[in-house]
Amino acid sequence: MASARLAPVELPMLARPDVAPELPATIHRSRMERLRARMEARRLDHVVIYADREHSANLAWLTGFDPRFEEAILVVGLSARPVLLAGNECIGLARAAPLPVDAVLFQELSLPSQPRDRSRPLREILADAGLRSGQAVGIVGWKAPADRSWIESPAYVVETIRGITGSGGTVESATDLFIDAADGLRATSEAVQIAAFEHASCETSTGVRNLLFGVRPGLREREAVQLLGWSGAPLSCHLMLTAGPRARFGLLSPGDRLIVRGDPLTVAFGIWGALTCRAGFVVEDAAGLPDGIADYVDRLVAPYFEAIAEWYGALHIGQTGGTLQGIIDRHLGDPFFGIFLNAGHQLHLDEWLNSPIRQGSEIELASGMVLQADVIPATGGPYFTTNIEDGIALADASLRAELARDHPELWARVTRRRAFMADALGIELHPDVLPLSNIPAFLPPFLLRPDLAMTMAA
């Protein structure tokens with residue numbers, strides 16, 4: 001395998017599409033049919049989906065509705081029209097959900113001290129929605145625990161449902177129906193959903209590109225984050241940008257600190273369906289690095305990039321998650337690198353859906369999966385970190401043909417990204433792999449010289 005090196009790399013400027021693909025209303029009906037088929041296979045009479053502002057992806061995927069300010073509850077039976085419970089401020093949105101539902105006002109979902117005088121008790125609403133004694137009910141929250149009796153939804157929801165189903169019924173977690181890493185309903189996406197995610201990735205990656213080429217000493221963190229050009233699209237995580245001593249924490253929001261020459265800097269920009277992250281030092285070359293880490297590129301960035309390049313090259317439909325994890329473990333297993341999380345994960349409306357990538361995983365990657373490279377060194381010392389986080393989709397020949405036919409501008413961007421990765425970065429991709437980022441695997445370690453990036457090309 002070739003060695004990584006720092007060299008001039010010309011990053012192509014790809015158009016950022018103005019209008020996002022719109023999901024047809026029929027897609028939500030199709031998703032409901034798929035959910036009901038899973039319910040029948042699991043022998044569940046009802047599924048109850050709980051959502052809040054932070055964890056709305058399962059509900060939004062199924063219905064096209066996501067709660068704002070409040071929480072929401074959806075009751076799905078095997079045949080009857082779904083019932084969507086919403087609070088004072090979301091009930092209007094619930095009635096306009098792309099998936100036809102019976103919207104019911106349940107004011108306990110409203111903000112504290114708002115009126116609570118016009119809705120019926122939860123038990124009555126759930127009974128009217130079809131819940132009965134002796135039934136099997138699955139509750140969908142956010143995570144899928146190994147023990148299905150562990151349900152991460154509010155106690156009042158779980159206890160009320162258990163009170164209805166009684167000793168002859170069962171109440172268990174059913175979140176895995178949506179997020180199981182192998183075959184969850186959201187683990188693979190339709191062509192139009194992938195197109196919407198690619199549109200999101202154009203925004204996050206173009207924003208991070210603008211930051212990489214625009215950051216300079218003297219900007220405050222709050223000024224630098226404006227270079228991302230956030231459009232107001234729903235965030236999948238809070239905007240992260242820090243420089244200097246706080247950058248080692250990674251997860252923090254920008255503050256008023258001035259960015260100075262020699263600072264470490266990290267940035268993460270995520271909206272529904274996309275996340276783009278990078279990290280490096282605010283310097284022109286190794287001479288500007290803090291004392292003791294003049295070998296930053298050789299010791300950390302180059303082996304990291306070699307690992308990421310092999311990881312990308314190994315992606316294809318049918319590849320196992322364990323194989324992908326093994327590539328990273330082999331390259332970056334030394335404690336110096338501090339790698340401790342999964343070497344990538346599935347990406348969706350939520351930044352982390354699930355991950356088939358872990359030691360020993362026999363889960364095979366499938367057509368329609370959207371994944372994110374997410375390998376973050378945590379050296380815990382002056383070498384700080386380096387980082388490439390971009391989204392990719394996997395598509396078999398049929399799905400590729402559908403994307404090329406229905407979304408030709410997307411296909412043109414994907415084609416240019418693949419060519420850039422092969423020609424400029426020396427990373428050959430399997431035909432199944434569709435890069436969604438406008439800065440795919442582009443890694444300039446010295447942020448004041450973004451024209452110099454890591455490459456495997458000769």
# chains A, B, ... in the order shown; residues from 1 in each chain; ligands from 1

$ select_by_dssp --residues "range 3-81 of chain A" --states "helix (DSSP H, G or I)" --output "NGL selection string"
:A and (26-42 or 57-63)

$ write_last_selection --atoms "C-alpha atoms" --output "short mmCIF file (atom, residue, chain, number, x, y, z; two decimals), in the first residue's frame"
data_model
loop_
_atom_site.label_atom_id
_atom_site.label_comp_id
_atom_site.auth_asym_id
_atom_site.auth_seq_id
_atom_site.Cartn_x
_atom_site.Cartn_y
_atom_site.Cartn_z
CA THR A 26 -46.68 8.23 -0.80
CA ILE A 27 -43.31 7.39 0.73
CA HIS A 28 -44.78 7.66 4.23
CA ARG A 29 -47.64 5.30 3.34
CA SER A 30 -45.10 2.81 2.03
CA ARG A 31 -43.08 3.10 5.20
CA MET A 32 -46.20 2.49 7.28
CA GLU A 33 -46.91 -0.69 5.32
CA ARG A 34 -43.37 -1.89 5.98
CA LEU A 35 -43.72 -1.15 9.69
CA ARG A 36 -46.99 -3.07 9.91
CA ALA A 37 -45.39 -6.05 8.20
CA ARG A 38 -42.65 -6.00 10.86
CA MET A 39 -45.29 -5.70 13.59
CA GLU A 40 -47.09 -8.78 12.30
CA ALA A 41 -43.82 -10.72 12.17
CA ARG A 42 -43.10 -9.67 15.79
CA ALA A 57 -36.13 10.87 13.80
CA ASN A 58 -38.24 7.71 14.03
CA LEU A 59 -41.49 9.69 14.09
CA ALA A 60 -40.35 12.13 11.40
CA TRP A 61 -39.23 9.30 9.10
CA LEU A 62 -42.57 7.54 9.41
CA THR A 63 -45.01 10.46 9.32
#

$ closest_atom_pairs --of "range 129-173 of chain A" --to "range 82-94 of chain A" --cutoff "12 Å" --atoms "only C-alpha atoms" --output "CSV"
residue,atom,partner,partner_atom,distance
A:Ala129,CA,A:Val83,CA,6.4
A:Gly130,CA,A:Val83,CA,9.6
A:Leu131,CA,A:Val83,CA,11.4
A:Val157,CA,A:Leu85,CA,11.9

$ closest_residue --among "A:Ile139, A:Leu6, A:Leu109, A:Ile194" --to "Leu23 in chain A" --atoms "only C-alpha atoms"
A:Ile194

$ residues_around --residues "Pro24 in chain A" --least-positions-apart "6" --cutoff "12 Å" --atoms "only C-alpha atoms" --output "list of chain:residue names"
A:Ser30, A:Arg31, A:Thr63, A:Gly64, A:Pro98, A:Leu99, A:Glu190, A:Ala191, A:Val192, A:Gln193, A:Ala196

$ write_last_selection --atoms "N, CA and C atoms" --output "PDB file, in the first residue's frame"
ATOM      1  N   SER A  30     -45.905   4.012   2.257  1.00  0.00           N
ATOM      2  CA  SER A  30     -45.103   2.809   2.025  1.00  0.00           C
ATOM      3  C   SER A  30     -44.344   2.408   3.277  1.00  0.00           C
ATOM      4  N   ARG A  31     -43.805   3.391   3.965  1.00  0.00           N
ATOM      5  CA  ARG A  31     -43.081   3.096   5.203  1.00  0.00           C
ATOM      6  C   ARG A  31     -44.014   2.518   6.260  1.00  0.00           C
ATOM      7  N   THR A  63     -43.831   9.608   9.551  1.00  0.00           N
ATOM      8  CA  THR A  63     -45.011  10.456   9.316  1.00  0.00           C
ATOM      9  C   THR A  63     -44.722  11.746   8.569  1.00  0.00           C
ATOM     10  N   GLY A  64     -43.458  12.202   8.543  1.00  0.00           N
ATOM     11  CA  GLY A  64     -43.144  13.510   8.005  1.00  0.00           C
ATOM     12  C   GLY A  64     -43.369  14.626   8.996  1.00  0.00           C
ATOM     13  N   PRO A  98     -47.744  14.715   6.600  1.00  0.00           N
ATOM     14  CA  PRO A  98     -47.813  14.069   5.287  1.00  0.00           C
ATOM     15  C   PRO A  98     -48.458  12.691   5.318  1.00  0.00           C
ATOM     16  N   LEU A  99     -48.276  11.951   6.415  1.00  0.00           N
ATOM     17  CA  LEU A  99     -48.980  10.688   6.579  1.00  0.00           C
ATOM     18  C   LEU A  99     -50.345  10.978   7.197  1.00  0.00           C
ATOM     19  N   GLU A 190     -34.549   5.006   0.543  1.00  0.00           N
ATOM     20  CA  GLU A 190     -34.997   5.082  -0.836  1.00  0.00           C
ATOM     21  C   GLU A 190     -34.142   6.087  -1.603  1.00  0.00           C
ATOM     22  N   ALA A 191     -34.229   6.031  -2.937  1.00  0.00           N
ATOM     23  CA  ALA A 191     -33.417   6.916  -3.770  1.00  0.00           C
ATOM     24  C   ALA A 191     -33.683   8.374  -3.456  1.00  0.00           C
ATOM     25  N   VAL A 192     -34.943   8.761  -3.316  1.00  0.00           N
ATOM     26  CA  VAL A 192     -35.245  10.172  -3.073  1.00  0.00           C
ATOM     27  C   VAL A 192     -34.754  10.604  -1.691  1.00  0.00           C
ATOM     28  N   GLN A 193     -34.759   9.675  -0.724  1.00  0.00           N
ATOM     29  CA  GLN A 193     -34.220  10.017   0.593  1.00  0.00           C
ATOM     30  C   GLN A 193     -32.711  10.210   0.530  1.00  0.00           C
ATOM     31  N   ALA A 196     -32.114  13.564  -0.839  1.00  0.00           N
ATOM     32  CA  ALA A 196     -32.299  14.605   0.169  1.00  0.00           C
ATOM     33  C   ALA A 196     -31.094  14.672   1.111  1.00  0.00           C
TER      34      ALA A 196
END

$ select_by_dssp --residues "range 284-455 of chain A" --states "strand (DSSP E or B)" --output "PyMOL selection string"
chain A and resi 320+345-346+364+370-372+387-389+391-394+433-435+446+452-455

$ atom_distance --atom1 "CA of Val9 in chain A" --atom2 "CA of Phe442 in chain A"
8.7 Å

$ residues_around --residues "Asp298 in chain A" --least-positions-apart "2" --cutoff "12 Å" --atoms "only C-alpha atoms" --output "list of chain:residue names"
A:Ser3, A:Ala4, A:Arg5, A:Leu6, A:Ala286, A:Ile293, A:Ala294, A:Asp295, A:Tyr296, A:Leu300, A:Val301, A:Ala302, A:Pro303, A:Tyr304, A:Phe305, A:Glu306, A:Tyr383, A:Pro445, A:Met454

$ atom_distance --atom1 "CA of Ile151 in chain A" --atom2 "CA of Gly168 in chain A"
18.8 Å

$ atom_distance --atom1 "CA of Val208 in chain A" --atom2 "CA of Ala419 in chain A"
20.5 Å

$ residues_around --residues "Ile271 in chain A" --least-positions-apart "6" --cutoff "7 Å" --atoms "only C-alpha atoms" --output "list in words"
Ala200, Ala233, Pro234, Leu235, Ser236 and Cys237 of chain A

$ closest_residue --among "A:Leu410, A:Ala393, A:Leu228, A:Leu403" --to "Arg209 in chain A" --atoms "only C-alpha atoms"
A:Leu228

$ residues_around --residues "Asp183 in chain A" --least-positions-apart "5" --cutoff "12 Å" --atoms "only C-alpha atoms" --output "ChimeraX atom specification"
/A:34,38,176-178,188-189,346,354-356,363-369

$ decode --residues "range 124-232 of chain A" --atoms "C-alpha atoms" --output "tab-separated table (two decimals), in the first residue's frame"
chain	number	residue	atom	x	y	z
A	124	GLU	CA	-58.74	7.17	27.45
A	125	ILE	CA	-56.95	8.39	24.34
A	126	LEU	CA	-54.92	5.18	24.06
A	127	ALA	CA	-58.00	3.04	24.61
A	128	ASP	CA	-59.83	4.91	21.85
A	129	ALA	CA	-56.79	4.28	19.64
A	130	GLY	CA	-57.34	0.55	20.08
A	131	LEU	CA	-55.13	-0.54	22.99
A	132	ARG	CA	-56.77	-3.34	24.96
A	133	SER	CA	-56.11	-5.77	27.80
A	134	GLY	CA	-53.93	-8.71	26.82
A	135	GLN	CA	-52.35	-7.06	23.79
A	136	ALA	CA	-48.68	-7.00	22.85
A	137	VAL	CA	-47.40	-3.44	22.54
A	138	GLY	CA	-43.97	-2.31	21.39
A	139	ILE	CA	-42.70	1.10	22.49
A	140	VAL	CA	-40.28	2.95	20.22
A	141	GLY	CA	-37.94	5.43	21.85
A	142	TRP	CA	-34.40	6.19	20.75
A	143	LYS	CA	-32.05	3.30	21.57
A	144	ALA	CA	-32.51	-0.44	21.10
A	145	PRO	CA	-31.42	-2.22	24.29
A	146	ALA	CA	-30.43	-5.87	24.32
A	147	ASP	CA	-33.09	-6.43	26.99
A	148	ARG	CA	-36.43	-5.38	25.50
A	149	SER	CA	-37.89	-4.79	28.94
A	150	TRP	CA	-35.62	-1.73	29.16
A	151	ILE	CA	-37.73	1.05	27.60
A	152	GLU	CA	-36.28	4.54	27.28
A	153	SER	CA	-39.57	6.46	27.11
A	154	PRO	CA	-41.24	8.45	29.93
A	155	ALA	CA	-42.51	6.41	32.84
A	156	TYR	CA	-46.04	7.83	32.52
A	157	VAL	CA	-46.29	6.49	28.96
A	158	VAL	CA	-44.95	3.04	29.84
A	159	GLU	CA	-47.00	2.72	33.04
A	160	THR	CA	-50.22	3.80	31.35
A	161	ILE	CA	-49.75	1.26	28.57
A	162	ARG	CA	-48.94	-1.49	31.05
A	163	GLY	CA	-52.05	-0.55	33.00
A	164	ILE	CA	-54.15	-1.03	29.87
A	165	THR	CA	-52.60	-4.29	28.65
A	166	GLY	CA	-52.61	-5.80	32.14
A	167	SER	CA	-50.97	-8.98	33.34
A	168	GLY	CA	-52.02	-10.87	30.24
A	169	GLY	CA	-50.33	-8.44	27.87
A	170	THR	CA	-46.74	-7.59	27.05
A	171	VAL	CA	-45.02	-4.21	26.76
A	172	GLU	CA	-41.51	-4.15	25.38
A	173	SER	CA	-39.04	-2.01	23.48
A	174	ALA	CA	-39.53	-2.10	19.72
A	175	THR	CA	-37.00	0.57	18.76
A	176	ASP	CA	-34.96	-2.07	16.96
A	177	LEU	CA	-37.68	-2.27	14.31
A	178	PHE	CA	-36.49	1.15	13.19
A	179	ILE	CA	-32.77	1.29	13.97
A	180	ASP	CA	-31.36	-2.25	14.01
A	181	ALA	CA	-27.98	-1.94	12.31
A	182	ALA	CA	-28.58	-4.94	10.06
A	183	ASP	CA	-32.19	-4.61	8.98
A	184	GLY	CA	-33.90	-1.75	10.80
A	185	LEU	CA	-36.48	0.10	8.73
A	186	ARG	CA	-34.27	3.19	8.67
A	187	ALA	CA	-31.03	1.31	8.04
A	188	THR	CA	-31.56	1.63	4.29
A	189	SER	CA	-33.04	4.54	2.35
A	190	GLU	CA	-35.00	5.08	-0.84
A	191	ALA	CA	-33.42	6.92	-3.77
A	192	VAL	CA	-35.25	10.17	-3.07
A	193	GLN	CA	-34.22	10.02	0.59
A	194	ILE	CA	-30.59	9.54	-0.41
A	195	ALA	CA	-30.97	12.53	-2.73
A	196	ALA	CA	-32.30	14.61	0.17
A	197	PHE	CA	-29.37	13.49	2.32
A	198	GLU	CA	-26.93	14.40	-0.47
A	199	HIS	CA	-28.47	17.87	-0.61
A	200	ALA	CA	-27.90	18.18	3.13
A	201	SER	CA	-24.31	16.99	2.73
A	202	CYS	CA	-23.72	19.64	0.07
A	203	GLU	CA	-24.65	22.25	2.66
A	204	THR	CA	-22.54	20.90	5.52
A	205	SER	CA	-19.49	20.08	3.39
A	206	THR	CA	-19.58	23.34	1.45
A	207	GLY	CA	-19.87	25.15	4.76
A	208	VAL	CA	-16.85	23.36	6.20
A	209	ARG	CA	-14.96	24.03	2.97
A	210	ASN	CA	-15.70	27.73	3.37
A	211	LEU	CA	-14.36	27.56	6.91
A	212	LEU	CA	-11.19	25.69	5.92
A	213	PHE	CA	-10.42	28.27	3.26
A	214	GLY	CA	-11.58	31.28	5.28
A	215	VAL	CA	-10.44	30.82	8.87
A	216	ARG	CA	-7.66	33.14	9.98
A	217	PRO	CA	-6.07	34.39	13.19
A	218	GLY	CA	-7.97	37.26	14.73
A	219	LEU	CA	-11.44	35.90	14.07
A	220	ARG	CA	-13.53	35.08	17.10
A	221	GLU	CA	-14.98	31.58	17.20
A	222	ARG	CA	-18.47	33.05	16.77
A	223	GLU	CA	-17.30	34.85	13.64
A	224	ALA	CA	-15.59	31.78	12.23
A	225	VAL	CA	-18.70	29.63	12.62
A	226	GLN	CA	-20.60	32.07	10.42
A	227	LEU	CA	-18.39	30.92	7.53
A	228	LEU	CA	-20.41	27.68	7.58
A	229	GLY	CA	-23.35	29.56	6.06
A	230	TRP	CA	-26.01	27.58	7.90
A	231	SER	CA	-29.30	27.95	6.01
A	232	GLY	CA	-31.55	27.22	8.98
